[in-house]
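Below is model.txt, holding compact mmCIF, C-alpha atoms.
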```
# COMPACT_ATOMS: atom_id res chain seq x y z
CA MET A 149 62.33 -122.02 -7.21
CA PRO A 150 60.32 -119.09 -5.78
CA GLY A 151 57.86 -117.61 -8.30
CA GLY A 152 59.37 -119.71 -11.07
CA LEU A 153 62.49 -117.53 -11.03
CA ASP A 154 65.38 -119.23 -12.74
CA LEU A 155 68.21 -118.30 -10.40
CA GLY A 156 70.77 -119.85 -12.71
CA ALA A 157 69.68 -117.46 -15.47
CA VAL A 158 69.70 -114.49 -13.07
CA ASN A 159 73.24 -115.42 -12.08
CA THR A 160 74.32 -115.64 -15.72
CA TRP A 161 72.76 -112.28 -16.65
CA LEU A 162 74.31 -110.56 -13.63
CA GLY A 163 77.63 -112.12 -14.59
CA LEU A 164 77.22 -110.77 -18.11
CA LEU A 165 76.46 -107.31 -16.69
CA VAL A 166 79.68 -107.41 -14.65
CA VAL A 167 81.61 -108.48 -17.75
CA VAL A 168 80.16 -105.66 -19.85
CA LEU A 169 80.88 -103.01 -17.20
CA GLY A 170 84.35 -104.47 -16.69
CA ILE A 171 85.10 -104.30 -20.43
CA VAL A 172 83.82 -100.70 -20.65
CA LEU A 173 85.99 -99.58 -17.72
CA SER A 174 88.97 -101.53 -18.97
CA GLY A 175 88.54 -100.02 -22.44
CA LEU A 176 88.41 -96.53 -20.95
CA ALA A 177 91.60 -97.23 -19.00
CA TYR A 178 93.24 -98.58 -22.16
CA GLN A 179 92.29 -95.39 -24.00
CA GLY A 180 93.81 -93.45 -21.11
CA TYR A 181 97.01 -95.45 -21.62
CA ARG A 182 97.04 -94.77 -25.36
CA ARG A 183 96.20 -91.08 -25.10
CA ASN A 184 98.53 -90.24 -22.24
CA ASP A 185 101.20 -92.91 -22.61
CA SER A 186 100.52 -93.85 -19.01
CA HIS A 187 101.91 -97.23 -18.03
CA ALA A 188 99.79 -97.17 -14.86
CA MET A 189 96.63 -97.03 -16.97
CA LEU A 190 97.67 -100.11 -18.95
CA LEU A 191 98.02 -101.98 -15.66
CA LEU A 192 94.60 -100.71 -14.58
CA ALA A 193 93.09 -101.90 -17.86
CA VAL A 194 94.60 -105.37 -17.58
CA GLY A 195 93.85 -105.60 -13.84
CA MET A 196 90.21 -104.77 -14.52
CA LEU A 197 89.97 -107.71 -16.93
CA PHE A 198 91.32 -110.10 -14.30
CA ILE A 199 88.97 -108.73 -11.64
CA ALA A 200 85.71 -108.30 -13.53
CA VAL A 201 85.89 -110.29 -16.74
CA ALA A 202 87.97 -113.44 -16.14
CA PRO A 203 86.07 -114.81 -13.06
CA THR A 204 82.72 -114.78 -14.86
CA PHE A 205 84.37 -116.35 -17.88
CA PHE A 206 85.72 -119.14 -15.65
CA GLU A 207 82.38 -119.65 -13.92
CA GLU A 208 80.27 -119.64 -17.06
CA VAL A 209 82.51 -121.15 -19.72
CA VAL A 210 85.38 -123.06 -18.13
CA ALA A 211 83.14 -124.54 -15.43
CA PHE A 212 80.80 -125.85 -18.10
CA TYR A 213 83.55 -127.95 -19.69
CA ILE A 214 85.19 -128.96 -16.42
CA ILE A 215 81.94 -130.28 -15.02
CA ARG A 216 80.72 -131.85 -18.24
CA LYS A 217 83.97 -133.71 -18.76
CA ASP A 218 84.20 -134.35 -15.01
CA LEU A 219 87.77 -133.03 -14.92
CA ALA A 220 87.72 -131.43 -11.47
CA PRO A 221 85.30 -130.47 -8.69
CA PHE A 222 83.56 -127.10 -9.07
CA ILE A 223 85.50 -125.63 -6.15
CA TRP A 224 88.53 -125.39 -8.45
CA VAL A 225 86.61 -122.95 -10.63
CA ASN A 226 86.05 -120.76 -7.57
CA ILE A 227 89.71 -121.01 -6.63
CA LEU A 228 90.69 -120.04 -10.19
CA SER A 229 88.35 -117.02 -9.96
CA ARG A 230 89.79 -115.90 -6.61
CA LEU A 231 93.33 -116.27 -7.99
CA SER A 232 92.37 -114.14 -11.00
CA GLU A 233 90.87 -111.46 -8.73
CA THR A 234 93.91 -111.52 -6.46
CA PHE A 235 96.23 -111.11 -9.43
CA GLY A 236 94.06 -108.29 -10.82
CA LEU A 237 94.00 -106.40 -7.52
CA GLY A 238 97.75 -106.94 -7.26
CA LEU A 239 98.15 -105.25 -10.65
CA LEU A 240 96.06 -102.29 -9.46
CA LEU A 241 98.16 -101.94 -6.33
CA TYR A 242 101.35 -102.18 -8.39
CA SER A 243 99.96 -99.57 -10.76
CA ILE A 244 99.51 -97.16 -7.83
CA TYR A 245 103.00 -97.89 -6.53
CA ILE A 246 104.84 -97.31 -9.80
CA GLN A 247 103.34 -93.80 -9.85
CA ARG A 248 104.53 -93.09 -6.33
CA GLY A 249 108.03 -94.09 -7.35
CA ARG A 250 108.11 -91.83 -10.38
CA MET B 27 101.32 -83.79 -17.10
CA PHE B 28 97.87 -82.69 -16.14
CA LEU B 29 96.51 -79.40 -15.03
CA SER B 30 93.55 -79.33 -12.76
CA GLU B 31 90.63 -77.19 -13.75
CA LYS B 32 90.90 -75.14 -10.58
CA HIS B 33 91.67 -71.47 -10.88
CA GLY B 34 94.97 -69.88 -10.08
CA LEU B 35 97.90 -71.98 -9.04
CA THR B 36 98.03 -75.71 -9.17
CA LEU B 37 100.53 -77.70 -7.21
CA TYR B 38 101.49 -81.12 -8.34
CA HIS B 39 104.43 -83.26 -7.59
CA ARG B 40 106.26 -85.87 -9.51
CA SER B 41 108.95 -87.66 -7.49
CA GLN B 42 110.58 -85.08 -5.19
CA VAL B 43 110.06 -82.05 -7.36
CA THR B 44 107.16 -79.75 -6.73
CA THR B 45 106.16 -77.75 -9.74
CA ILE B 46 104.00 -74.67 -9.70
CA VAL B 47 101.90 -74.33 -12.79
CA VAL B 48 100.23 -71.06 -13.56
CA GLN B 49 96.84 -72.21 -14.69
CA ASP B 50 95.46 -69.34 -16.69
CA PRO B 51 97.57 -68.30 -19.64
CA ASP B 52 98.89 -64.83 -20.41
CA PRO B 53 95.96 -62.90 -21.98
CA ALA B 54 98.24 -61.46 -24.67
CA ASP B 55 99.23 -64.99 -25.80
CA VAL B 56 95.59 -66.01 -26.05
CA PHE B 57 94.53 -62.89 -27.97
CA ALA B 58 97.47 -63.18 -30.37
CA LEU B 59 96.85 -66.82 -31.10
CA LEU B 60 93.11 -66.44 -31.60
CA ASP B 61 93.76 -63.53 -33.95
CA ASP B 62 95.33 -66.08 -36.31
CA GLU B 63 92.89 -67.50 -38.84
CA TYR B 64 94.69 -70.87 -39.02
CA ALA B 65 94.68 -71.28 -35.24
CA ARG B 66 90.94 -70.59 -35.21
CA GLY B 67 90.50 -72.87 -38.21
CA ILE B 68 92.24 -75.75 -36.43
CA LEU B 69 90.02 -75.32 -33.37
CA ARG B 70 86.90 -75.13 -35.49
CA ALA B 71 87.81 -78.16 -37.60
CA THR B 72 88.71 -80.34 -34.61
CA LYS B 73 85.81 -79.36 -32.39
CA SER B 74 83.89 -82.59 -32.92
CA THR B 75 86.33 -84.95 -34.67
CA PRO B 76 90.07 -85.41 -34.15
CA MET B 77 92.14 -84.64 -37.26
CA SER B 78 95.73 -85.24 -38.31
CA ALA B 79 98.06 -82.41 -39.27
CA PRO B 80 98.21 -83.27 -43.01
CA LYS B 81 94.42 -83.45 -43.10
CA LEU B 82 94.17 -80.07 -41.38
CA ALA B 83 96.62 -78.59 -43.90
CA THR B 84 94.39 -79.75 -46.76
CA GLU B 85 91.19 -78.70 -45.02
CA LEU B 86 92.45 -75.21 -44.19
CA ASP B 87 94.46 -74.79 -47.39
CA ALA B 88 97.65 -74.00 -45.47
CA SER B 89 101.21 -75.31 -45.59
CA ARG B 90 102.14 -78.11 -43.23
CA PRO B 91 104.79 -76.06 -41.38
CA THR B 92 102.14 -73.39 -40.69
CA ILE B 93 99.76 -76.02 -39.34
CA TYR B 94 102.45 -77.66 -37.19
CA ARG B 95 103.48 -74.29 -35.79
CA ARG B 96 99.87 -73.39 -34.90
CA ILE B 97 99.30 -76.83 -33.38
CA GLU B 98 102.35 -76.33 -31.20
CA GLN B 99 101.15 -72.90 -30.09
CA LEU B 100 97.66 -74.19 -29.34
CA GLN B 101 99.17 -77.04 -27.31
CA GLU B 102 101.32 -74.61 -25.33
CA LEU B 103 98.12 -72.94 -24.15
CA ASP B 104 96.52 -76.37 -23.64
CA LEU B 105 93.73 -75.59 -26.09
CA LEU B 106 94.37 -78.70 -28.20
CA THR B 107 94.92 -82.35 -27.24
CA GLU B 108 96.97 -84.86 -29.12
CA SER B 109 96.05 -88.51 -29.32
CA THR B 110 97.60 -91.39 -31.19
CA GLU B 111 95.65 -93.21 -33.83
CA LEU B 112 96.67 -96.64 -34.95
CA GLU B 113 96.52 -97.08 -38.71
CA ALA B 114 96.05 -100.20 -40.80
CA HIS B 115 99.73 -101.01 -41.25
CA GLY B 116 100.61 -100.52 -37.61
CA HIS B 117 101.72 -96.93 -38.14
CA HIS B 118 101.01 -94.36 -35.47
CA ARG B 119 99.66 -90.99 -36.36
CA SER B 120 98.85 -88.04 -34.17
CA ALA B 121 95.35 -86.65 -34.25
CA TYR B 122 94.38 -83.37 -32.67
CA GLN B 123 91.20 -82.25 -31.02
CA ALA B 124 90.10 -78.91 -29.63
CA ARG B 125 89.96 -78.74 -25.85
CA LEU B 126 88.70 -75.19 -25.75
CA GLU B 127 85.19 -74.73 -24.43
CA THR B 128 85.04 -71.05 -23.41
CA ILE B 129 87.42 -68.20 -22.74
CA THR B 130 86.36 -65.51 -20.32
CA VAL B 131 88.16 -62.19 -20.38
CA SER B 132 87.93 -60.01 -17.30
CA LEU B 133 89.33 -56.58 -16.59
CA GLY B 134 90.47 -55.95 -13.06
CA GLU B 135 93.76 -54.21 -12.35
CA GLU B 136 94.98 -56.19 -15.35
CA PHE B 137 93.33 -58.23 -18.06
CA SER B 138 92.94 -61.85 -17.15
CA VAL B 139 91.58 -64.83 -19.03
CA THR B 140 89.96 -67.95 -17.68
CA VAL B 141 89.83 -70.95 -19.95
CA THR B 142 87.41 -73.83 -19.56
CA ARG B 143 88.43 -76.98 -21.33
CA ARG B 144 86.79 -80.18 -22.45
CA GLU B 145 88.12 -83.40 -21.13
CA HIS B 146 87.93 -86.86 -22.68
CA PRO B 147 86.56 -89.41 -20.14
CA ALA B 148 89.72 -91.51 -20.59
CA ASP B 149 91.88 -88.50 -19.71
CA ALA B 150 89.68 -87.73 -16.70
CA LEU B 151 90.10 -91.34 -15.52
CA THR B 152 93.87 -91.17 -16.10
CA LYS B 153 94.11 -87.97 -14.10
CA MET B 154 92.05 -89.46 -11.28
CA TRP B 155 94.09 -92.65 -11.20
CA GLU B 156 97.44 -90.88 -11.39
CA ASP B 157 96.43 -88.48 -8.62
CA LEU B 158 95.75 -91.34 -6.19
```

Starting from the file, lay out its structure as structure tokens.
Amino acid sequence: MPGGLDLGAVNTWLGLLVVVLGIVLSGLAYQGYRRNDSHAMLLLAVGMLFIAVAPTFFEEVVAFYIIRKDLAPFIWVNILSRLSETFGLGLLLYSIYIQRGR
Amino acid sequence: MFLSEKHGLTLYHRSQVTTIVVQDPDPADVFALLDDEYARGILRATKSTPMSAPKLATELDASRPTIYRRIEQLQELDLLTESTELEAHGHHRSAYQARLETITVSLGEEFSVTVTRREHPADALTKMWEDL
């Protein structure tokens, strides 16, 4: 480890930063939904959680149990994260399309 | 649903219909409304915190119909925003907040007014996202 830097800790803190920013943005979008009754903003809020919050949750929390209990190889955690991001981005795209159709 | 802060005419479309919105309100409407003490009172009271209509009626010592009428008039000129507050028992209640920042009156051939309005970050984000 160069200079005694704990890369695992750096990774966790960066993950936490992404989660915090994701929750702030998602909360803002949710407020936008509540204030303007905009269905598209609800989708943005939920999509943001799947993109920014869920993957870190999987990698930090779910992975911990999966590996400790030896349930599945770590690659499944990555696959779960990618699926979550794909679903989240799909929601964002759908949110843009429902506005076009209105 | 949203008016851009640009001057003059704003074009926006929803489905196939293109609507032209005249951005700056009729000066006479603005002067008349601001001449009303309750209209000014509502703006003053909701400058920093959103308030419900019944609360405004108590605060300004006015009848509820008067307050509702002024709220409606202020909303017509887009000087007041309405948001929904969720209460303890799952009831929804409207809260109002002043959008008015400044009004500039200019005299050219005619009187004209330019209104600058405050925008909540969530509304700015909604506008941005819906304009995509």

With 8 Å as the limit and counting only C-alpha atoms, what residues in chain B lie close to chain A? Please list them as an MDAnalysis selection string. chainID B and resid 40:41 108:110 147:149 151:152 155:156 158

Restrict the calculation to all atoms listed in the file, then for each residue of range 91-132 of chain B with any atom at most 9 Å from an atom of range 62-83 of chain B give the closest atom pair and their distance in Å to one decimal, rows by chain and rising residue number, as JSON lines.
```
{"residue": "B:Pro91", "atom": "CA", "partner": "B:Ala83", "partner_atom": "CA", "distance": 8.9}
{"residue": "B:Thr92", "atom": "CA", "partner": "B:Tyr64", "partner_atom": "CA", "distance": 8.0}
{"residue": "B:Ile93", "atom": "CA", "partner": "B:Ala83", "partner_atom": "CA", "distance": 6.1}
{"residue": "B:Tyr94", "atom": "CA", "partner": "B:Ala79", "partner_atom": "CA", "distance": 6.8}
{"residue": "B:Arg96", "atom": "CA", "partner": "B:Ala65", "partner_atom": "CA", "distance": 5.6}
{"residue": "B:Ile97", "atom": "CA", "partner": "B:Ala65", "partner_atom": "CA", "distance": 7.5}
{"residue": "B:Gln99", "atom": "CA", "partner": "B:Ala65", "partner_atom": "CA", "distance": 8.4}
{"residue": "B:Leu100", "atom": "CA", "partner": "B:Ala65", "partner_atom": "CA", "distance": 7.2}
{"residue": "B:Leu105", "atom": "CA", "partner": "B:Leu69", "partner_atom": "CA", "distance": 8.2}
{"residue": "B:Leu106", "atom": "CA", "partner": "B:Leu69", "partner_atom": "CA", "distance": 7.6}
{"residue": "B:Thr107", "atom": "CA", "partner": "B:Pro76", "partner_atom": "CA", "distance": 9.0}
{"residue": "B:Glu108", "atom": "CA", "partner": "B:Pro76", "partner_atom": "CA", "distance": 8.6}
{"residue": "B:Ser109", "atom": "CA", "partner": "B:Pro76", "partner_atom": "CA", "distance": 8.3}
{"residue": "B:Arg119", "atom": "CA", "partner": "B:Ser78", "partner_atom": "CA", "distance": 7.2}
{"residue": "B:Ser120", "atom": "CA", "partner": "B:Ser78", "partner_atom": "CA", "distance": 5.9}
{"residue": "B:Ala121", "atom": "CA", "partner": "B:Ser78", "partner_atom": "CA", "distance": 4.3}
{"residue": "B:Tyr122", "atom": "CA", "partner": "B:Pro76", "partner_atom": "CA", "distance": 5.0}
{"residue": "B:Gln123", "atom": "CA", "partner": "B:Pro76", "partner_atom": "CA", "distance": 4.6}
{"residue": "B:Ala124", "atom": "CA", "partner": "B:Lys73", "partner_atom": "CA", "distance": 5.1}
{"residue": "B:Arg125", "atom": "CA", "partner": "B:Lys73", "partner_atom": "CA", "distance": 7.8}
{"residue": "B:Leu126", "atom": "CA", "partner": "B:Leu69", "partner_atom": "CA", "distance": 7.7}
```

Next, the residues of the selection above should be written as an mmCIF file, in the frame of the given file with C-alpha atoms.
```
data_model
loop_
_atom_site.group_PDB
_atom_site.id
_atom_site.type_symbol
_atom_site.label_atom_id
_atom_site.label_comp_id
_atom_site.auth_asym_id
_atom_site.auth_seq_id
_atom_site.Cartn_x
_atom_site.Cartn_y
_atom_site.Cartn_z
ATOM 1 C CA PRO B 91 104.790 -76.060 -41.380
ATOM 2 C CA THR B 92 102.140 -73.390 -40.690
ATOM 3 C CA ILE B 93 99.760 -76.020 -39.340
ATOM 4 C CA TYR B 94 102.450 -77.660 -37.190
ATOM 5 C CA ARG B 96 99.870 -73.390 -34.900
ATOM 6 C CA ILE B 97 99.300 -76.830 -33.380
ATOM 7 C CA GLN B 99 101.150 -72.900 -30.090
ATOM 8 C CA LEU B 100 97.660 -74.190 -29.340
ATOM 9 C CA LEU B 105 93.730 -75.590 -26.090
ATOM 10 C CA LEU B 106 94.370 -78.700 -28.200
ATOM 11 C CA THR B 107 94.920 -82.350 -27.240
ATOM 12 C CA GLU B 108 96.970 -84.860 -29.120
ATOM 13 C CA SER B 109 96.050 -88.510 -29.320
ATOM 14 C CA ARG B 119 99.660 -90.990 -36.360
ATOM 15 C CA SER B 120 98.850 -88.040 -34.170
ATOM 16 C CA ALA B 121 95.350 -86.650 -34.250
ATOM 17 C CA TYR B 122 94.380 -83.370 -32.670
ATOM 18 C CA GLN B 123 91.200 -82.250 -31.020
ATOM 19 C CA ALA B 124 90.100 -78.910 -29.630
ATOM 20 C CA ARG B 125 89.960 -78.740 -25.850
ATOM 21 C CA LEU B 126 88.700 -75.190 -25.750
#
```

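Note that the spacing between CA of Asp61 in chain B and CA of Thr84 in chain B amounts to 20.7 Å.
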
At what distance in Å, to one decimal, does CA of Ala54 in chain B lie from CA of Asp104 in chain B?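 Taking CA of Asp104 in chain B and CA of Ala54 in chain B, their separation equals 15.0 Å.
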
Any idea what the distance is between CA of Glu208 in chain A and CA of Thr160 in chain A?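 Computing it gives 7.3 Å between the two atoms.
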
Option closest in space to Gly236 in chain A, from A:Ala157, A:Pro203, A:Leu164, A:Val172 [counting all atoms listed in the file]: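 Of the candidates, the smallest distance to Gly236 in chain A is held by A:Pro203.
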